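Trainee: Contents of start-v1.cif (mmCIF, C-alpha atoms):
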```
data_protein
loop_
_atom_site.label_atom_id
_atom_site.label_comp_id
_atom_site.auth_asym_id
_atom_site.auth_seq_id
_atom_site.Cartn_x
_atom_site.Cartn_y
_atom_site.Cartn_z
CA MET I 2 39.34 84.14 137.47
CA ASN I 3 36.54 83.25 135.11
CA TRP I 4 36.47 80.20 132.82
CA GLN I 5 37.89 82.04 129.81
CA GLN I 6 40.88 83.36 131.79
CA PHE I 7 41.37 79.95 133.38
CA SER I 8 41.40 78.18 130.04
CA GLU I 9 44.04 80.62 128.76
CA SER I 10 46.20 80.15 131.85
CA ALA I 11 45.69 76.38 132.20
CA PRO I 12 44.61 75.08 128.77
CA GLU I 13 45.32 71.42 129.47
CA LEU I 14 43.37 71.30 132.73
CA ALA I 15 40.49 73.28 131.17
CA GLN I 16 40.38 70.74 128.34
CA LEU I 17 40.44 67.79 130.74
CA PHE I 18 37.54 69.26 132.72
CA SER I 19 35.53 70.07 129.56
CA GLU I 20 35.89 66.54 128.21
CA ARG I 21 34.52 65.09 131.42
CA LEU I 22 31.75 67.66 131.62
CA ASP I 23 30.67 67.01 128.02
CA LYS I 24 29.84 63.41 128.82
CA THR I 25 27.12 64.21 131.36
CA GLY I 26 26.75 67.97 131.87
CA LEU I 27 27.02 67.15 135.55
CA ALA I 28 29.61 67.57 138.26
CA LEU I 29 29.67 67.24 142.04
CA ILE I 30 29.98 70.32 144.20
CA GLY I 31 31.27 70.49 147.74
CA THR I 32 29.82 73.33 149.83
CA ILE I 33 29.78 74.25 153.51
CA ARG I 34 26.60 73.74 155.54
CA LYS I 35 25.37 76.14 158.18
CA ASP I 36 27.06 74.16 160.96
CA GLY I 37 30.41 74.37 159.16
CA THR I 38 30.41 70.75 157.93
CA PRO I 39 30.72 69.78 154.27
CA ARG I 40 27.93 68.87 151.84
CA ILE I 41 28.22 67.22 148.40
CA SER I 42 25.56 67.61 145.71
CA PRO I 43 25.26 66.79 142.02
CA LEU I 44 25.11 69.92 139.93
CA GLU I 45 24.42 71.06 136.36
CA VAL I 46 27.37 72.94 134.94
CA ASP I 47 27.57 74.85 131.69
CA VAL I 48 30.40 76.64 129.93
CA PHE I 49 28.78 79.75 128.45
CA GLU I 50 30.45 82.87 127.05
CA ASP I 51 33.38 83.52 129.42
CA HIS I 52 31.85 81.69 132.36
CA LEU I 53 31.57 78.34 134.02
CA LEU I 54 27.96 78.67 135.14
CA LEU I 55 26.48 76.76 138.05
CA GLY I 56 22.68 76.70 137.89
CA MET I 57 20.64 75.74 140.95
CA MET I 58 17.05 75.48 141.93
CA TRP I 59 15.72 78.42 143.94
CA GLN I 60 16.47 78.06 147.66
CA SER I 61 18.09 74.66 147.20
CA LYS I 62 20.40 73.68 150.03
CA LYS I 63 23.59 73.96 148.03
CA ALA I 64 22.58 77.44 146.80
CA LEU I 65 21.85 78.59 150.35
CA ASP I 66 25.24 77.19 151.41
CA LEU I 67 26.93 79.29 148.71
CA MET I 68 25.03 82.44 149.61
CA ARG I 69 26.50 82.03 153.12
CA ASP I 70 30.00 80.86 152.11
CA GLN I 71 31.12 81.15 148.48
CA ARG I 72 34.01 78.71 148.84
CA CYS I 73 33.40 75.49 146.98
CA LEU I 74 34.96 72.61 145.10
CA VAL I 75 33.68 71.36 141.76
CA HIS I 76 34.62 67.73 141.06
CA SER I 77 34.19 65.86 137.78
CA VAL I 78 31.90 62.84 138.02
CA VAL I 79 33.78 59.57 138.17
CA SER I 80 32.05 56.48 136.93
CA ASP I 81 34.49 53.64 137.40
CA LYS I 82 36.51 52.32 140.27
CA ASP I 83 39.87 51.97 138.55
CA GLY I 84 39.78 55.68 137.72
CA SER I 85 40.90 55.17 134.12
CA GLU I 86 39.35 58.47 133.10
CA GLY I 87 41.04 60.45 135.86
CA GLU I 88 39.38 63.12 137.97
CA VAL I 89 39.45 66.90 137.76
CA LYS I 90 38.91 69.22 140.72
CA LEU I 91 38.37 72.96 140.50
CA ARG I 92 38.54 75.07 143.63
CA GLY I 93 37.25 78.60 143.99
CA ARG I 94 34.25 80.76 144.73
CA ALA I 95 30.72 80.78 143.40
CA VAL I 96 29.78 84.35 142.54
CA ASP I 97 26.07 85.14 142.28
CA VAL I 98 25.24 86.36 138.75
CA ALA I 99 23.22 89.57 139.04
CA ASP I 100 23.71 90.62 135.40
CA GLU I 101 20.21 90.24 133.89
CA GLY I 102 21.58 90.16 130.35
CA LEU I 103 23.84 87.21 131.14
CA ARG I 104 21.00 85.41 132.96
CA GLU I 105 18.69 85.89 130.00
CA ARG I 106 21.27 84.82 127.39
CA SER I 107 22.22 81.74 129.40
CA ALA I 108 18.53 80.80 129.90
CA GLN I 109 18.04 81.09 126.12
CA HIS I 110 21.16 78.98 125.57
CA THR I 111 19.78 76.31 127.92
CA PHE I 112 16.50 76.37 126.02
CA ASP I 113 18.27 76.08 122.65
CA THR I 114 20.32 73.10 123.79
CA THR I 115 17.83 71.24 125.99
CA GLY I 116 14.35 72.48 125.07
CA TRP I 117 13.82 73.62 128.67
CA ARG I 118 14.11 77.19 129.90
CA PRO I 119 14.87 77.93 133.55
CA GLU I 120 12.31 80.37 134.93
CA GLU I 121 13.03 82.98 137.57
CA PRO I 122 13.55 82.76 140.41
CA TYR I 123 16.56 80.45 140.25
CA HIS I 124 20.16 80.67 141.35
CA LEU I 125 22.94 81.22 138.86
CA PHE I 126 26.58 81.43 139.92
CA SER I 127 29.70 82.11 137.91
CA PHE I 128 32.58 80.02 139.19
CA ASP I 129 35.67 82.07 140.07
CA ILE I 130 38.48 79.52 139.71
CA GLU I 131 41.51 79.72 142.00
CA GLU I 132 43.05 76.24 141.77
CA ALA I 133 42.73 73.16 139.61
CA ALA I 134 44.05 69.62 139.73
CA TYR I 135 43.87 66.49 137.62
CA ILE I 136 44.64 63.12 139.17
CA LYS I 137 44.77 59.88 137.26
CA TYR I 138 45.49 56.52 138.87
CA HIS I 139 47.16 53.89 136.76
CA SER I 140 45.45 50.86 138.18
CA GLU I 141 48.06 48.29 137.16
CA SER I 142 51.18 50.06 138.40
CA GLY I 143 49.54 52.13 141.14
CA ASP I 144 51.34 55.21 139.81
CA GLN I 145 49.60 58.57 139.64
CA THR I 146 49.74 61.35 137.09
CA VAL I 147 49.07 64.69 138.76
CA LYS I 148 48.61 68.05 137.06
CA ARG I 149 48.16 71.18 139.12
CA TRP I 150 47.54 74.84 138.60
CA ARG I 151 47.02 77.82 140.86
CA ALA I 152 45.90 81.34 139.84
CA GLY I 153 49.00 83.37 139.06
CA GLY I 154 51.09 80.27 138.31
CA LYS I 155 51.59 77.80 135.49
CA GLU I 156 50.35 74.27 134.93
CA GLN I 157 52.63 71.67 136.45
CA SER I 158 52.65 67.97 135.79
CA ARG I 159 54.35 65.15 137.66
CA GLU I 160 54.35 61.38 137.88
CA ARG I 161 54.14 59.80 141.32
CA LYS I 162 55.51 56.28 141.59
CA TRP I 163 53.81 53.63 143.71
CA THR I 164 56.41 51.81 145.78
CA GLY I 165 54.05 49.07 146.96
CA SER I 166 53.06 50.91 150.11
CA ARG I 167 53.15 54.61 149.24
CA LEU I 168 53.50 57.18 146.48
CA GLU I 169 56.79 58.90 145.82
CA GLY I 170 57.46 62.05 143.88
CA MET L 22 25.62 54.95 165.00
CA ASN L 23 27.34 52.29 162.93
CA TRP L 24 26.05 51.06 159.56
CA SER L 25 24.25 48.07 160.95
CA SER L 26 22.32 50.14 163.53
CA PHE L 27 21.46 52.55 160.72
CA ALA L 28 20.23 49.62 158.61
CA SER L 29 17.95 48.56 161.49
CA ALA L 30 16.59 52.09 161.93
CA ALA L 31 16.12 52.78 158.21
CA PRO L 32 16.31 49.49 156.28
CA ALA L 33 15.04 50.65 152.86
CA LEU L 34 17.33 53.65 152.89
CA ALA L 35 20.37 51.62 153.97
CA GLN L 36 19.74 49.06 151.27
CA ARG L 37 19.50 51.67 148.53
CA GLY L 38 22.61 53.37 149.80
CA ARG L 39 24.63 50.19 149.84
CA GLU L 40 23.44 49.26 146.33
CA LEU L 41 24.38 52.66 144.96
CA PHE L 42 27.84 52.55 146.57
CA GLU L 43 28.52 49.02 145.35
CA ARG L 44 27.27 49.69 141.82
CA VAL L 45 30.27 51.89 141.06
CA GLY L 46 32.65 50.62 143.73
CA VAL L 47 33.84 54.07 144.78
CA LEU L 48 32.12 56.82 146.73
CA PHE L 49 32.82 60.50 147.31
CA ILE L 50 33.72 62.00 150.63
CA GLY L 51 33.46 65.65 151.60
CA THR L 52 35.94 66.73 154.27
CA LEU L 53 36.99 70.06 155.74
CA ARG L 54 40.35 71.56 154.92
CA LYS L 55 42.34 73.42 157.51
CA ASP L 56 40.83 76.75 156.41
CA GLY L 57 37.27 75.39 156.79
CA SER L 58 36.62 75.16 153.05
CA PRO L 59 35.37 71.91 151.49
CA ARG L 60 37.41 69.14 149.88
CA VAL L 61 35.80 66.42 147.75
CA SER L 62 37.68 63.18 147.08
CA GLY L 63 36.98 59.76 145.67
CA CYS L 64 37.25 57.14 148.42
CA GLU L 65 37.46 53.36 148.74
CA PHE L 66 34.97 51.68 151.02
CA PHE L 67 34.19 48.22 152.29
CA PHE L 68 31.27 46.83 154.27
CA LEU L 69 32.42 44.44 156.98
CA GLU L 70 30.58 43.10 160.00
CA GLU L 71 28.70 46.04 161.58
CA ASP L 72 30.48 48.84 159.80
CA LEU L 73 31.05 50.84 156.66
CA TYR L 74 34.83 51.24 156.47
CA LEU L 75 36.70 53.92 154.57
CA GLY L 76 40.28 53.06 153.64
CA MET L 77 42.73 55.84 152.75
CA MET L 78 46.31 56.11 151.67
CA TRP L 79 48.73 56.95 154.44
CA GLN L 80 48.95 60.72 155.02
CA SER L 81 46.57 61.48 152.17
CA LYS L 82 44.92 64.89 152.39
CA LYS L 83 41.44 63.59 153.07
CA ALA L 84 42.77 61.38 155.89
CA LEU L 85 44.63 64.33 157.45
CA ASP L 86 41.43 66.40 157.15
CA LEU L 87 39.50 63.71 159.06
CA LEU L 88 42.10 63.35 161.79
CA ARG L 89 41.70 67.09 162.41
CA GLU L 90 37.92 67.21 161.92
CA PRO L 91 35.99 63.92 161.76
CA ARG L 92 32.72 65.48 160.55
CA CYS L 93 32.23 64.51 156.91
CA TYR L 94 29.73 63.79 154.18
CA ILE L 95 29.44 60.80 151.89
CA GLN L 96 27.83 60.80 148.46
CA SER L 97 27.21 58.03 145.93
CA ALA L 98 28.85 58.41 142.53
CA VAL L 99 26.74 59.98 139.80
CA THR L 100 27.44 58.47 136.40
CA ASP L 101 24.88 59.88 133.99
CA LYS L 102 22.90 63.03 133.36
CA ASN L 103 19.59 61.62 134.57
CA VAL L 104 21.11 60.26 137.79
CA ASN L 105 19.56 56.89 136.98
CA GLY L 106 18.97 54.82 140.09
CA GLY L 107 19.00 57.96 142.23
CA GLU L 108 21.61 59.30 144.63
CA PHE L 109 22.38 58.53 148.24
CA LYS L 110 24.11 60.76 150.76
CA CYS L 111 24.83 60.59 154.42
CA TYR L 112 26.59 62.70 156.98
CA GLY L 113 28.31 61.91 160.22
CA ARG L 114 31.79 61.27 161.54
CA ALA L 115 34.76 59.22 160.43
CA VAL L 116 36.06 57.39 163.49
CA GLU L 117 39.67 56.30 163.23
CA VAL L 118 40.20 52.58 163.71
CA SER L 119 43.35 51.95 165.70
CA ASP L 120 42.63 48.44 166.97
CA SER L 121 45.13 46.17 165.21
CA ASP L 122 42.79 43.14 165.22
CA THR L 123 40.13 45.06 163.34
CA ILE L 124 42.68 46.43 160.88
CA GLU L 125 43.95 42.94 160.22
CA ARG L 126 40.44 41.48 159.78
CA TYR L 127 39.64 44.32 157.41
CA GLY L 128 42.77 43.66 155.33
CA ARG L 129 42.06 39.92 155.14
CA ALA L 130 38.38 40.35 154.22
CA LEU L 131 39.20 43.01 151.62
CA LYS L 132 41.81 40.76 150.03
CA GLU L 133 39.34 37.87 149.91
CA ALA L 134 36.63 40.01 148.35
CA THR L 135 38.67 42.03 145.86
CA GLY L 136 42.04 40.29 145.53
CA TRP L 137 43.74 43.43 146.80
CA ALA L 138 44.68 44.75 150.22
CA PRO L 139 46.79 47.73 151.21
CA GLU L 140 50.36 47.03 152.23
CA GLY L 141 52.23 49.01 154.82
CA SER L 142 50.58 51.88 156.64
CA PHE L 143 47.16 53.15 155.72
CA HIS L 144 44.32 55.00 157.44
CA LEU L 145 41.15 53.16 158.31
CA PHE L 146 37.98 54.87 159.46
CA ALA L 147 34.56 53.51 160.46
CA PHE L 148 31.69 55.76 159.44
CA ASP L 149 29.41 56.90 162.26
CA ILE L 150 26.11 58.02 160.69
CA ASP L 151 23.97 60.92 161.91
CA GLY L 152 21.63 61.29 158.92
CA ALA L 153 21.01 60.06 155.39
CA ALA L 154 18.92 60.75 152.30
CA PHE L 155 18.02 59.05 149.05
CA ILE L 156 16.72 61.04 146.08
CA GLU L 157 15.26 59.52 142.94
CA TYR L 158 14.65 61.76 139.94
CA GLN L 159 11.61 60.72 137.94
CA GLN L 160 11.11 61.37 134.25
CA ASN L 161 8.41 63.99 134.81
CA GLY L 162 10.77 65.98 137.05
CA ASP L 163 9.29 64.81 140.35
CA GLN L 164 11.68 63.76 143.08
CA LEU L 165 11.13 60.90 145.50
CA LEU L 166 12.92 61.68 148.73
CA ILE L 167 13.58 59.38 151.68
CA GLU L 168 15.22 61.10 154.64
CA TRP L 169 16.34 59.89 158.00
CA ARG L 170 17.97 61.50 160.99
CA GLN L 171 19.29 59.77 164.09
CA GLY L 172 16.53 59.50 166.69
CA ALA L 173 13.69 59.79 164.17
CA SER L 174 11.91 57.45 161.76
CA PRO L 175 12.67 57.51 158.03
CA HIS L 176 10.38 59.91 156.20
CA GLU L 177 9.34 59.51 152.58
CA ARG L 178 7.87 62.28 150.47
CA LEU L 179 7.39 63.36 146.90
CA ARG L 180 8.64 66.71 145.64
CA ARG L 181 6.50 67.65 142.67
CA TRP L 182 8.04 69.44 139.68
CA THR L 183 6.10 72.59 138.78
CA GLY L 184 7.96 73.40 135.59
CA SER L 185 10.39 75.73 137.31
CA GLY L 186 10.98 74.19 140.73
CA VAL L 187 9.79 71.51 143.14
CA VAL L 188 7.12 71.70 145.84
CA ASP L 189 6.52 69.27 148.65
CA ASP L 190 3.68 66.78 148.50
CA SER L 191 3.10 65.00 151.75
CA LYS L 192 3.02 61.29 151.36
#
```
Show me, as structure tokens, the structure contained in the file I just sent.
Mentor:
Amino acid sequence: MNWQQFSESAPELAQLFSERLDKTGLALIGTIRKDGTPRISPLEVDVFEDHLLLGMMWQSKKALDLMRDQRCLVHSVVSDKDGSEGEVKLRGRAVDVADEGLRERSAQHTFDTTGWRPEEPYHLFSFDIEEAAYIKYHSESGDQTVKRWRAGGKEQSRERKWTGSRLEG
Amino acid sequence: MNWSSFASAAPALAQRGRELFERVGVLFIGTLRKDGSPRVSGCEFFFLEEDLYLGMMWQSKKALDLLREPRCYIQSAVTDKNVNGGEFKCYGRAVEVSDSDTIERYGRALKEATGWAPEGSFHLFAFDIDGAAFIEYQQNGDQLLIEWRQGASPHERLRRWTGSGVVDDSK
């Protein structure tokens, strides 16, 4: 489902992702290379209209990966080791945006907010979200807070307790 | 090859990679799920002796991925919009360490360095590198790229920003 539908179905996870995205405008994306192995790349991400838009340079490796296999994982950037900010992962498919109106409006939006306008040709994907998760490590106790959502279901939250050698719950 | 052989083959690249990993203290690993789709996870690492070690919680998803399919991808953390300091990535295989002496040395050295070591069971992998790249984003949009692949020499080039994309400049 698109960003708007996702944020209605999983408001808390959508908020957690947005907060992390607002800090940098960047995320990491996991894609599949031609030989079937994974690739990770930094990526500019933008929430625009109903979409989570993934913009990529023309013929960049990650874009070519997605043209071959749409399945990908968008991961919030994490900047500290103790994980105090927690991490958000969104799983789904990158759908090529062919709608010229949306491309034009999003290019104008990028120009309005950054002073730079992407020029064709470039790749623009709308992220079709199927699953989301938030994981936060509590560095002192070792406990984890985990929130999960899957398309068609509801947000679920649980606390996992660190026993000293493993997590329970 | 192990990290130290990589550092001999591509010293500048290995140094930048290590600096970028250690700056944040956590790296990202891309693994393959059972259905062949990608997983991205934060991962603890430690340089010891000849190797770059990846330590993982017992039965964690990324560890189970690697036991099924060792081919993986490692990426330095990105902490700001301009990717200051650049980014480093490498691909290869995570080789499970089962030798109890090595596991014990790893635990002791980790505890000495960080004050913390895993208790009980955990997964330990040594990273076997096939290729690596460093990319630095300059203010004018140009990208400095250093690439290396096993069996070849490191190659440095500049990708020039044209206003809408980048083109290669041989260097």
Trainee: Carefully work through the PyMOL selection byres ((chain I) within 7 of (chain L)) for this structure and note down the residues it includes, as a PyMOL selection string.
Mentor: chain I and resi 25-27+31-33+38-41+58+72-74+76+78-82+119-120+165-166
Trainee: Using only C-alpha atoms, please write the residues we just selected to a file, as a PDB file, in the coordinates of the input.
Mentor:
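Printed below is part.pdb as written:
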```
ATOM      1  CA  THR I  25      27.120  64.210 131.360  1.00  0.00           C
ATOM      2  CA  GLY I  26      26.750  67.970 131.870  1.00  0.00           C
ATOM      3  CA  LEU I  27      27.020  67.150 135.550  1.00  0.00           C
ATOM      4  CA  GLY I  31      31.270  70.490 147.740  1.00  0.00           C
ATOM      5  CA  THR I  32      29.820  73.330 149.830  1.00  0.00           C
ATOM      6  CA  ILE I  33      29.780  74.250 153.510  1.00  0.00           C
ATOM      7  CA  THR I  38      30.410  70.750 157.930  1.00  0.00           C
ATOM      8  CA  PRO I  39      30.720  69.780 154.270  1.00  0.00           C
ATOM      9  CA  ARG I  40      27.930  68.870 151.840  1.00  0.00           C
ATOM     10  CA  ILE I  41      28.220  67.220 148.400  1.00  0.00           C
ATOM     11  CA  MET I  58      17.050  75.480 141.930  1.00  0.00           C
ATOM     12  CA  ARG I  72      34.010  78.710 148.840  1.00  0.00           C
ATOM     13  CA  CYS I  73      33.400  75.490 146.980  1.00  0.00           C
ATOM     14  CA  LEU I  74      34.960  72.610 145.100  1.00  0.00           C
ATOM     15  CA  HIS I  76      34.620  67.730 141.060  1.00  0.00           C
ATOM     16  CA  VAL I  78      31.900  62.840 138.020  1.00  0.00           C
ATOM     17  CA  VAL I  79      33.780  59.570 138.170  1.00  0.00           C
ATOM     18  CA  SER I  80      32.050  56.480 136.930  1.00  0.00           C
ATOM     19  CA  ASP I  81      34.490  53.640 137.400  1.00  0.00           C
ATOM     20  CA  LYS I  82      36.510  52.320 140.270  1.00  0.00           C
ATOM     21  CA  PRO I 119      14.870  77.930 133.550  1.00  0.00           C
ATOM     22  CA  GLU I 120      12.310  80.370 134.930  1.00  0.00           C
ATOM     23  CA  GLY I 165      54.050  49.070 146.960  1.00  0.00           C
ATOM     24  CA  SER I 166      53.060  50.910 150.110  1.00  0.00           C
TER      25      SER I 166
END
```
Trainee: On this structure, which residues satisfy the PyMOL selection byres ((chain I and resi 152) around 7), written as a list in words?
Mentor: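 Matching residues under the PyMOL selection byres ((chain I and resi 152) around 7) are Glu131, Glu132, Trp150, Arg151, Gly153 and Gly154 of chain I.
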Trainee: With only C-alpha atoms as the counted atoms, please give the residues lying no more than 12 Å from Phe27 (chain L), apart from itself and same-chain residues fewer than 2 positions off, as a ChimeraX atom specification.
Mentor: /L:22-25,29-36,38-39,71-73,111-113,148-153,169-175
Trainee: (40.9, 45.4, 151.7) in this file's frame - what residues fall within 8 Å of it? Use only C-alpha atoms and give the answer as a PyMOL selection string.
Mentor: chain L and resi 67+76+127-135+137-139
Trainee: Calculate how many Å separate CA of Val98 (chain I) from CA of Ile30 (chain I), rounding to one decimal.
Mentor: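 Computing the Euclidean distance for CA of Val98 (chain I) and CA of Ile30 (chain I) yields 17.6 Å.
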Trainee: Looking at L:Glu168, L:Asp120, L:Asp163, L:Arg37, which one is nearest to Asp189 (chain L), with distances taken over only C-alpha atoms?
Mentor: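 Going through L:Glu168, L:Asp120, L:Asp163, L:Arg37 one by one, the smallest distance to Asp189 (chain L) is for L:Asp163.
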Trainee: For the atom pair CA of Leu41 (chain L) and CA of Ala154 (chain L), what is the interatomic distance in Å to one decimal place?
Mentor: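 Pair CA of Leu41 (chain L) / CA of Ala154 (chain L) returns 12.2 Å.
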Trainee: What does the PyMOL selection byres ((chain I and resi 140-144) around 12) select in this file, as a list in words?
Mentor: Asp81, Lys82, Asp83, Gly84, Ser85, Glu86, Gly87, Ile136, Lys137, Tyr138, His139, Gln145, Thr146, Val147, Arg159, Glu160, Arg161, Lys162, Trp163, Thr164, Gly165, Ser166, Arg167, Leu168, Glu169 and Gly170 of chain I; Met78, Trp137 and Pro139 of chain L
Trainee: Would you work out the distance separating CA of Asp70 (chain I) from CA of Ser42 (chain I), expressed in Å to one decimal?
Mentor: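 For CA of Asp70 (chain I) relative to CA of Ser42 (chain I), the distance reads 15.4 Å.
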Trainee: Please list as a count of residues only every residue within 8 Å of Ser10 (chain I), counting all atoms listed in the file and excluding residues in the same chain fewer than 4 positions away.
Mentor: 3
Trainee: Return as JSON the box centre and box size in Å, one decimal, for an axis-aligned box around all listed atoms of region 85-92 of chain L padded by 5 Å per side.
Mentor:
```
{"center_x": 38.7, "center_y": 65.3, "center_z": 159.8, "size_x": 21.9, "size_y": 13.9, "size_z": 15.3}
```
Trainee: Can region 48-68 of chain I be brought up to N, CA and C atoms and written out as a PDB file, in the frame of the given file?
Mentor:
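Listed below is the output, result_8.pdb:
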```pdb
ATOM      1  N   VAL I  48      29.453  75.614 130.362  1.00  0.00           N
ATOM      2  CA  VAL I  48      30.400  76.640 129.930  1.00  0.00           C
ATOM      3  C   VAL I  48      29.649  77.537 128.955  1.00  0.00           C
ATOM      4  N   PHE I  49      29.542  78.830 129.290  1.00  0.00           N
ATOM      5  CA  PHE I  49      28.780  79.750 128.450  1.00  0.00           C
ATOM      6  C   PHE I  49      29.483  81.107 128.442  1.00  0.00           C
ATOM      7  N   GLU I  50      29.686  81.637 127.224  1.00  0.00           N
ATOM      8  CA  GLU I  50      30.450  82.870 127.050  1.00  0.00           C
ATOM      9  C   GLU I  50      31.775  82.723 127.825  1.00  0.00           C
ATOM     10  N   ASP I  51      32.092  83.620 128.723  1.00  0.00           N
ATOM     11  CA  ASP I  51      33.380  83.520 129.420  1.00  0.00           C
ATOM     12  C   ASP I  51      33.282  82.760 130.739  1.00  0.00           C
ATOM     13  N   HIS I  52      32.123  82.184 131.004  1.00  0.00           N
ATOM     14  CA  HIS I  52      31.850  81.690 132.360  1.00  0.00           C
ATOM     15  C   HIS I  52      31.671  80.179 132.460  1.00  0.00           C
ATOM     16  N   LEU I  53      32.015  79.676 133.635  1.00  0.00           N
ATOM     17  CA  LEU I  53      31.570  78.340 134.020  1.00  0.00           C
ATOM     18  C   LEU I  53      30.371  78.600 134.932  1.00  0.00           C
ATOM     19  N   LEU I  54      29.180  78.301 134.422  1.00  0.00           N
ATOM     20  CA  LEU I  54      27.960  78.670 135.140  1.00  0.00           C
ATOM     21  C   LEU I  54      27.421  77.486 135.935  1.00  0.00           C
ATOM     22  N   LEU I  55      27.056  77.761 137.166  1.00  0.00           N
ATOM     23  CA  LEU I  55      26.480  76.760 138.050  1.00  0.00           C
ATOM     24  C   LEU I  55      25.023  77.177 138.281  1.00  0.00           C
ATOM     25  N   GLY I  56      24.101  76.370 137.756  1.00  0.00           N
ATOM     26  CA  GLY I  56      22.680  76.700 137.890  1.00  0.00           C
ATOM     27  C   GLY I  56      22.052  75.864 138.992  1.00  0.00           C
ATOM     28  N   MET I  57      21.239  76.477 139.828  1.00  0.00           N
ATOM     29  CA  MET I  57      20.640  75.740 140.950  1.00  0.00           C
ATOM     30  C   MET I  57      19.201  76.168 141.160  1.00  0.00           C
ATOM     31  N   MET I  58      18.434  75.203 141.633  1.00  0.00           N
ATOM     32  CA  MET I  58      17.050  75.480 141.930  1.00  0.00           C
ATOM     33  C   MET I  58      16.962  76.517 143.050  1.00  0.00           C
ATOM     34  N   TRP I  59      15.927  77.354 142.965  1.00  0.00           N
ATOM     35  CA  TRP I  59      15.720  78.420 143.940  1.00  0.00           C
ATOM     36  C   TRP I  59      15.642  77.860 145.360  1.00  0.00           C
ATOM     37  N   GLN I  60      16.454  78.428 146.238  1.00  0.00           N
ATOM     38  CA  GLN I  60      16.470  78.060 147.660  1.00  0.00           C
ATOM     39  C   GLN I  60      16.909  76.621 147.913  1.00  0.00           C
ATOM     40  N   SER I  61      17.569  76.003 146.948  1.00  0.00           N
ATOM     41  CA  SER I  61      18.090  74.660 147.200  1.00  0.00           C
ATOM     42  C   SER I  61      19.195  74.758 148.248  1.00  0.00           C
ATOM     43  N   LYS I  62      19.464  73.635 148.906  1.00  0.00           N
ATOM     44  CA  LYS I  62      20.400  73.680 150.030  1.00  0.00           C
ATOM     45  C   LYS I  62      21.789  74.117 149.605  1.00  0.00           C
ATOM     46  N   LYS I  63      22.246  73.588 148.468  1.00  0.00           N
ATOM     47  CA  LYS I  63      23.590  73.960 148.030  1.00  0.00           C
ATOM     48  C   LYS I  63      23.670  75.449 147.701  1.00  0.00           C
ATOM     49  N   ALA I  64      22.574  76.006 147.125  1.00  0.00           N
ATOM     50  CA  ALA I  64      22.580  77.440 146.800  1.00  0.00           C
ATOM     51  C   ALA I  64      22.617  78.268 148.088  1.00  0.00           C
ATOM     52  N   LEU I  65      21.844  77.855 149.085  1.00  0.00           N
ATOM     53  CA  LEU I  65      21.850  78.590 150.350  1.00  0.00           C
ATOM     54  C   LEU I  65      23.224  78.501 151.018  1.00  0.00           C
ATOM     55  N   ASP I  66      23.865  77.318 150.900  1.00  0.00           N
ATOM     56  CA  ASP I  66      25.240  77.190 151.410  1.00  0.00           C
ATOM     57  C   ASP I  66      26.137  78.247 150.773  1.00  0.00           C
ATOM     58  N   LEU I  67      26.024  78.390 149.447  1.00  0.00           N
ATOM     59  CA  LEU I  67      26.930  79.290 148.710  1.00  0.00           C
ATOM     60  C   LEU I  67      26.620  80.760 148.963  1.00  0.00           C
ATOM     61  N   MET I  68      25.356  81.059 149.290  1.00  0.00           N
ATOM     62  CA  MET I  68      25.030  82.440 149.610  1.00  0.00           C
ATOM     63  C   MET I  68      25.675  82.829 150.949  1.00  0.00           C
TER      64      MET I  68
END
```
